[in-house]
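Q: As input, take final_16.txt (compact mmCIF, C-alpha atoms):
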# COMPACT_ATOMS: atom_id res chain seq x y z
CA MET C 1 62.21 -37.64 73.06
CA ILE C 2 60.90 -40.47 70.87
CA TYR C 3 58.08 -38.36 69.45
CA VAL C 4 60.49 -35.65 68.33
CA VAL C 5 62.77 -38.26 66.73
CA GLN C 6 59.83 -39.92 64.96
CA GLU C 7 58.48 -36.63 63.65
CA PHE C 8 61.92 -35.56 62.39
CA LEU C 9 62.65 -38.97 60.86
CA GLU C 10 59.29 -39.07 59.09
CA LEU C 11 59.83 -35.65 57.59
CA LEU C 12 63.33 -36.50 56.34
CA TYR C 13 62.48 -40.00 55.16
CA TRP C 14 59.47 -39.02 53.09
CA THR C 15 61.24 -36.00 51.65
CA LEU C 16 64.13 -38.21 50.53
CA TRP C 17 61.71 -40.88 49.31
CA GLN C 18 59.91 -38.34 47.09
CA VAL C 19 63.21 -37.17 45.57
CA LEU C 20 64.30 -40.75 44.92
CA ASP C 21 60.89 -41.70 43.53
CA ARG C 22 61.01 -38.84 41.02
CA GLU C 23 64.46 -40.08 39.96
CA GLY C 24 63.34 -43.73 39.74
CA ILE C 25 65.70 -44.86 42.51
CA SER C 26 64.70 -47.21 45.34
CA MET C 27 65.95 -46.84 48.90
CA LEU C 28 68.08 -49.97 48.49
CA GLN C 29 69.63 -48.64 45.29
CA TRP C 30 70.29 -45.37 47.12
CA ALA C 31 71.99 -47.26 49.96
CA PHE C 32 74.46 -48.59 47.39
CA MET C 33 74.88 -45.32 45.52
CA GLN C 34 75.52 -43.00 48.45
CA ARG C 35 78.06 -45.35 50.00
CA ALA C 36 79.84 -46.06 46.72
CA LEU C 37 80.28 -42.35 45.96
CA ASP C 38 83.21 -41.92 48.34
CA ARG C 39 84.61 -45.41 47.90
CA PRO C 40 86.53 -45.65 44.61
CA ASN C 41 87.09 -49.38 45.20
CA GLY C 42 83.35 -49.91 45.63
CA VAL C 43 81.02 -50.97 48.38
CA SER C 44 80.59 -54.64 49.21
CA PHE C 45 77.27 -56.39 48.96
CA SER C 46 77.77 -57.73 52.50
CA HIS C 47 78.05 -54.18 53.81
CA ILE C 48 74.74 -53.23 52.20
CA ILE C 49 73.12 -56.37 53.60
CA GLU C 50 74.40 -55.42 57.05
CA VAL C 51 73.23 -51.79 57.03
CA SER C 52 69.92 -52.33 55.21
CA GLY C 53 68.83 -55.68 56.63
CA GLU C 54 67.79 -56.72 53.11
CA SER C 55 68.20 -60.23 51.77
CA LYS C 56 71.12 -61.22 49.58
CA ASP C 57 68.77 -61.67 46.61
CA ASN C 58 67.28 -58.17 46.99
CA VAL C 59 70.76 -56.66 47.25
CA ARG C 60 71.88 -58.51 44.12
CA ARG C 61 68.81 -57.33 42.21
CA ALA C 62 69.32 -53.73 43.33
CA ALA C 63 72.95 -53.82 42.21
CA ALA C 64 72.02 -55.37 38.85
CA SER C 65 69.37 -52.70 38.30
CA LEU C 66 72.05 -50.01 38.54
CA ALA C 67 73.66 -51.16 35.28
CA GLY C 68 74.95 -48.14 33.41
CA PHE C 69 75.44 -46.24 36.66
CA ALA C 70 77.60 -48.85 38.37
CA ASP C 71 79.58 -52.00 37.70
CA VAL C 72 79.53 -55.14 39.80
CA VAL C 73 83.09 -56.37 40.29
CA VAL C 74 84.76 -59.25 42.09
CA ASP C 75 86.26 -58.27 45.44
CA PRO C 76 90.02 -58.85 45.06
CA GLU C 77 90.34 -59.76 48.75
CA ASP C 78 87.58 -62.38 48.62
CA ARG C 79 86.97 -63.80 45.16
CA ARG C 80 83.50 -65.04 46.18
CA ALA C 81 82.34 -61.56 47.24
CA ARG C 82 81.08 -58.79 44.97
CA LYS C 83 81.34 -55.02 45.12
CA LEU C 84 79.46 -52.24 43.40
CA VAL C 85 81.62 -49.50 41.84
CA LEU C 86 80.00 -46.35 40.48
CA THR C 87 80.79 -45.29 36.95
CA LYS C 88 81.47 -41.65 36.09
CA ARG C 89 77.82 -41.38 35.04
CA GLY C 90 76.75 -42.94 38.35
CA ARG C 91 78.80 -40.46 40.36
CA ARG C 92 77.17 -37.56 38.48
CA ARG C 93 73.76 -39.10 39.14
CA VAL C 94 74.41 -39.43 42.89
CA ARG C 95 75.59 -35.83 43.12
CA PHE C 96 72.52 -34.68 41.19
CA ILE C 97 70.18 -36.56 43.55
CA MET C 98 72.02 -35.16 46.56
CA MET C 99 71.61 -31.66 45.12
CA ARG C 100 67.86 -32.26 44.67
CA PHE C 101 67.55 -33.52 48.26
CA GLU C 102 69.49 -30.51 49.52
CA LYS C 103 67.06 -28.19 47.70
CA GLU C 104 64.13 -29.95 49.36
CA MET C 105 65.83 -29.66 52.76
CA LEU C 106 66.39 -25.95 52.19
CA LYS C 107 62.67 -25.58 51.43
CA LEU C 108 61.86 -27.35 54.70
CA LEU C 109 64.19 -24.98 56.54
CA GLY C 110 62.81 -21.91 54.81
CA ALA C 111 66.29 -21.05 53.52
CA ARG C 112 67.30 -20.14 49.98
CA GLU C 113 70.96 -21.14 50.08
CA ALA C 114 73.03 -23.78 51.88
CA PHE C 115 75.40 -21.07 53.14
CA SER C 116 72.61 -19.06 54.77
CA GLN C 117 72.77 -18.56 58.52
CA ARG C 118 69.66 -20.70 59.02
CA ALA C 119 71.09 -23.64 57.04
CA GLU C 120 74.51 -23.37 58.71
CA GLU C 121 73.00 -23.27 62.21
CA PHE C 122 70.75 -26.22 61.37
CA LYS C 123 73.78 -28.19 60.17
CA GLU C 124 75.69 -27.42 63.36
CA LEU C 125 72.71 -28.45 65.49
CA LEU C 126 72.46 -31.69 63.52
CA TRP C 127 76.15 -32.36 64.10
CA ASP C 128 75.73 -31.76 67.81
CA ALA C 129 72.60 -33.92 68.01
CA SER C 130 74.11 -36.75 66.00
CA ALA C 131 77.20 -36.62 68.19
CA TYR C 132 75.15 -38.21 70.98
CA LEU C 133 74.45 -41.23 68.80
CA VAL C 134 76.77 -44.04 67.87
CA PRO C 135 78.21 -42.97 64.52
CA GLY C 136 76.77 -44.78 61.51
CA ASP C 137 78.68 -46.17 58.55
CA LEU C 138 78.25 -42.90 56.63
CA ALA C 139 79.67 -40.73 59.43
CA SER C 140 82.61 -38.53 58.59
CA GLU C 141 85.75 -38.52 60.73
CA GLU C 142 84.67 -35.14 62.09
CA THR C 143 81.32 -36.57 63.20
CA ILE C 144 82.99 -39.57 64.85
CA VAL C 145 85.39 -37.32 66.79
CA ARG C 146 82.52 -35.04 67.84
CA SER C 147 80.53 -38.04 69.06
CA GLU C 148 83.45 -39.34 71.11
CA GLU C 149 84.00 -35.90 72.65
CA ASN C 150 80.32 -35.54 73.57
CA ARG C 151 80.18 -38.99 75.10
CA GLU C 152 83.20 -38.17 77.29
CA GLN C 153 82.00 -34.71 78.32
CA ILE C 154 78.38 -35.50 79.06
CA PRO C 155 78.03 -38.28 81.60
CA ASP C 156 75.14 -40.71 81.60
CA ASP C 157 73.46 -40.25 84.95
CA SER C 158 70.57 -42.62 84.27
CA LEU C 159 71.85 -45.10 86.88
CA LEU C 160 71.24 -42.45 89.54
CA PHE C 161 67.51 -42.90 89.01
CA VAL C 162 67.42 -46.69 89.35
CA GLU C 163 67.99 -48.63 92.52
CA ILE C 164 70.66 -51.21 91.81
CA ASN C 165 69.41 -53.79 94.34
CA GLN C 166 65.90 -53.94 92.99
CA SER C 167 64.43 -57.41 92.79
CA GLU C 168 61.93 -56.34 90.16
CA SER C 169 62.70 -54.99 86.69
CA VAL C 170 62.40 -51.25 86.19
CA TRP C 171 60.57 -52.01 82.94
CA THR C 172 57.03 -53.17 83.47
CA GLU C 173 55.28 -55.37 80.98
CA GLU C 174 52.79 -53.42 78.92
CA ASP C 175 49.12 -54.25 79.04
CA ARG C 176 48.23 -56.26 75.99
CA PRO C 177 45.18 -55.26 73.96
CA GLU C 178 42.21 -57.61 73.92
CA ASP C 179 42.84 -58.57 70.30
CA TRP C 180 46.49 -59.57 70.94
CA PHE C 181 47.51 -62.96 69.59
CA PRO C 182 50.64 -64.80 70.80
CA PHE C 183 51.67 -65.82 67.26
Kindly transcribe the structure held in the file into structure tokens.

A:
Amino acid sequence: MIYVVQEFLELLYWTLWQVLDREGISMLQWAFMQRALDRPNGVSFSHIIEVSGESKDNVRRAAASLAGFADVVVDPEDRRARKLVLTKRGRRRVRFIMMRFEKEMLKLLGAREAFSQRAEEFKELLWDASAYLVPGDLASEETIVRSEENREQIPDDSLLFVEINQSESVWTEEDRPEDWFPF
């Protein structure tokens, strides 16, 4: 399973990275932009720190670099916190980048249009596959519901394969290479 996930993730990540690179947008800037698109009140810096794992300074710099596409405003609920709100120009830019990424995805699929049977089936398979995962912060309500339904309908039988009264862990420690250092 992990090899399929890695291969798929690599393909998607580098395809998105190339689109963003051509547009002069970093992954951290994109994290802000895609989340702020559907949030008219903006996305908080703390949320971006949480989902990206980036430092507060990097998040602040990324937000500042989006000047002209977004405004940094004070969060009315917490006067110490800041939010990033896309401008009209920023919203157009995000939609343009999403359109470019969609075109690249269609090329990967070998489809000409998003409404083609191949693209529609791929989207449905993605929805079904992502429904097994814990929904992320970008998940739509439909995806969250689908995930909950899948988790209820498909039981986890992994405990059937592990003896509960084992004195030893089912996970064995991996052999360390000769050049392994403990620091």

Q: Atom CA of C:Tyr132 to atom CA of C:Ser147: how many Å, to one decimal?

A: 5.7 Å

Q: Find the residues of stretch 75-118 of chain C that sit at most 12 Å from stretch 33-53 of chain C; for each, write down the nearest two atoms and how far apart they are in Å, to one decimal. Count all atoms listed in the file. Sort by chain, then by number going up, and give it as a Markdown table.

A:
| residue | atom | partner | partner_atom | distance |
| --- | --- | --- | --- | --- |
| C:Asp75 | CA | C:Ser44 | CA | 7.7 |
| C:Pro76 | CA | C:Asn41 | CA | 9.9 |
| C:Glu77 | CA | C:Ser44 | CA | 11.0 |
| C:Asp78 | CA | C:Ser44 | CA | 10.4 |
| C:Arg79 | CA | C:Ser44 | CA | 11.9 |
| C:Arg80 | CA | C:Phe45 | CA | 11.0 |
| C:Ala81 | CA | C:Ser44 | CA | 7.4 |
| C:Arg82 | CA | C:Ser44 | CA | 6.0 |
| C:Lys83 | CA | C:Ser44 | CA | 4.2 |
| C:Leu84 | CA | C:Gly42 | CA | 5.1 |
| C:Val85 | CA | C:Gly42 | CA | 4.2 |
| C:Leu86 | CA | C:Ala36 | CA | 6.2 |
| C:Thr87 | CA | C:Leu37 | CA | 9.5 |
| C:Lys88 | CA | C:Leu37 | CA | 10.0 |
| C:Arg89 | CA | C:Leu37 | CA | 11.2 |
| C:Gly90 | CA | C:Met33 | CA | 7.8 |
| C:Arg91 | CA | C:Leu37 | CA | 6.1 |
| C:Arg92 | CA | C:Leu37 | CA | 9.4 |
| C:Arg93 | CA | C:Met33 | CA | 9.0 |
| C:Val94 | CA | C:Met33 | CA | 6.5 |
| C:Arg95 | CA | C:Leu37 | CA | 8.5 |
| C:Phe96 | CA | C:Gln34 | CA | 11.4 |
| C:Ile97 | CA | C:Gln34 | CA | 9.7 |
| C:Met98 | CA | C:Gln34 | CA | 8.8 |

Q: I'd like to know which of C:Leu28, C:Val19, C:Val5, C:Val74 is closest to C:Lys103, using only C-alpha atoms.

A: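 Closest to C:Lys103, using only C-alpha atoms: C:Val19.
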
Q: Between atom CA of C:Trp127 and atom CA of C:Gln18, what distance in Å does the model show, to one decimal?

A: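 Interatomic distance here is 24.3 Å.
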
Q: In Å, rounded to a single decimal, give me how far atom CA of C:Val134 is from atom CA of C:Ala114.

A: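 Straight-line distance from atom CA of C:Ala114 to atom CA of C:Val134 works out to 26.1 Å.
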
Q: Find the residues near C:Met105: any atom within 12 Å, counting all atoms listed in the file, skip ones fewer than 6 places away on the same chain, and give them as a list in words.

A: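 These residues fall inside the cut-off: Phe8, Leu11, Leu12, Tyr13, Trp14, Thr15, Leu16, Gln18, Val19, Met98, Met99, Ala111, Arg112, Glu113, Ala114, Arg118, Ala119, Phe122 and Lys123 of chain C.
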
Q: Can you rebuild stretch 16-35 of chain C with N, CA and C atoms and give it as a tab-separated table (two decimals), in the coordinates of the input?

A:
chain	number	residue	atom	x	y	z
C	16	LEU	N	63.15	-37.47	51.33
C	16	LEU	CA	64.13	-38.21	50.53
C	16	LEU	C	63.43	-39.20	49.61
C	17	TRP	N	62.42	-39.89	50.11
C	17	TRP	CA	61.71	-40.88	49.31
C	17	TRP	C	61.09	-40.22	48.06
C	18	GLN	N	60.51	-39.04	48.23
C	18	GLN	CA	59.91	-38.34	47.09
C	18	GLN	C	60.96	-37.97	46.05
C	19	VAL	N	62.12	-37.51	46.51
C	19	VAL	CA	63.21	-37.17	45.57
C	19	VAL	C	63.64	-38.43	44.83
C	20	LEU	N	63.86	-39.51	45.56
C	20	LEU	CA	64.30	-40.75	44.92
C	20	LEU	C	63.24	-41.30	43.98
C	21	ASP	N	61.98	-41.20	44.37
C	21	ASP	CA	60.89	-41.70	43.53
C	21	ASP	C	60.84	-40.94	42.20
C	22	ARG	N	61.00	-39.63	42.26
C	22	ARG	CA	61.01	-38.84	41.02
C	22	ARG	C	62.18	-39.23	40.12
C	23	GLU	N	63.27	-39.69	40.72
C	23	GLU	CA	64.46	-40.08	39.96
C	23	GLU	C	64.44	-41.57	39.58
C	24	GLY	N	63.43	-42.30	40.05
C	24	GLY	CA	63.34	-43.73	39.74
C	24	GLY	C	64.34	-44.59	40.49
C	25	ILE	N	64.70	-44.15	41.69
C	25	ILE	CA	65.70	-44.86	42.51
C	25	ILE	C	65.00	-45.38	43.77
C	26	SER	N	65.25	-46.65	44.10
C	26	SER	CA	64.70	-47.21	45.34
C	26	SER	C	65.62	-46.89	46.51
C	27	MET	N	65.13	-47.07	47.71
C	27	MET	CA	65.95	-46.84	48.90
C	27	MET	C	67.15	-47.78	48.92
C	28	LEU	N	66.97	-49.01	48.50
C	28	LEU	CA	68.08	-49.97	48.49
C	28	LEU	C	69.13	-49.57	47.44
C	29	GLN	N	68.69	-49.13	46.29
C	29	GLN	CA	69.63	-48.64	45.29
C	29	GLN	C	70.39	-47.43	45.84
C	30	TRP	N	69.67	-46.56	46.54
C	30	TRP	CA	70.29	-45.37	47.12
C	30	TRP	C	71.32	-45.76	48.18
C	31	ALA	N	71.03	-46.80	48.96
C	31	ALA	CA	71.99	-47.26	49.96
C	31	ALA	C	73.32	-47.59	49.29
C	32	PHE	N	73.25	-48.28	48.16
C	32	PHE	CA	74.46	-48.59	47.39
C	32	PHE	C	75.12	-47.31	46.88
C	33	MET	N	74.33	-46.48	46.22
C	33	MET	CA	74.88	-45.32	45.52
C	33	MET	C	75.57	-44.33	46.45
C	34	GLN	N	74.93	-44.00	47.57
C	34	GLN	CA	75.52	-43.00	48.45
C	34	GLN	C	76.79	-43.51	49.11
C	35	ARG	N	76.85	-44.80	49.39
C	35	ARG	CA	78.06	-45.35	50.00
C	35	ARG	C	79.18	-45.52	48.99
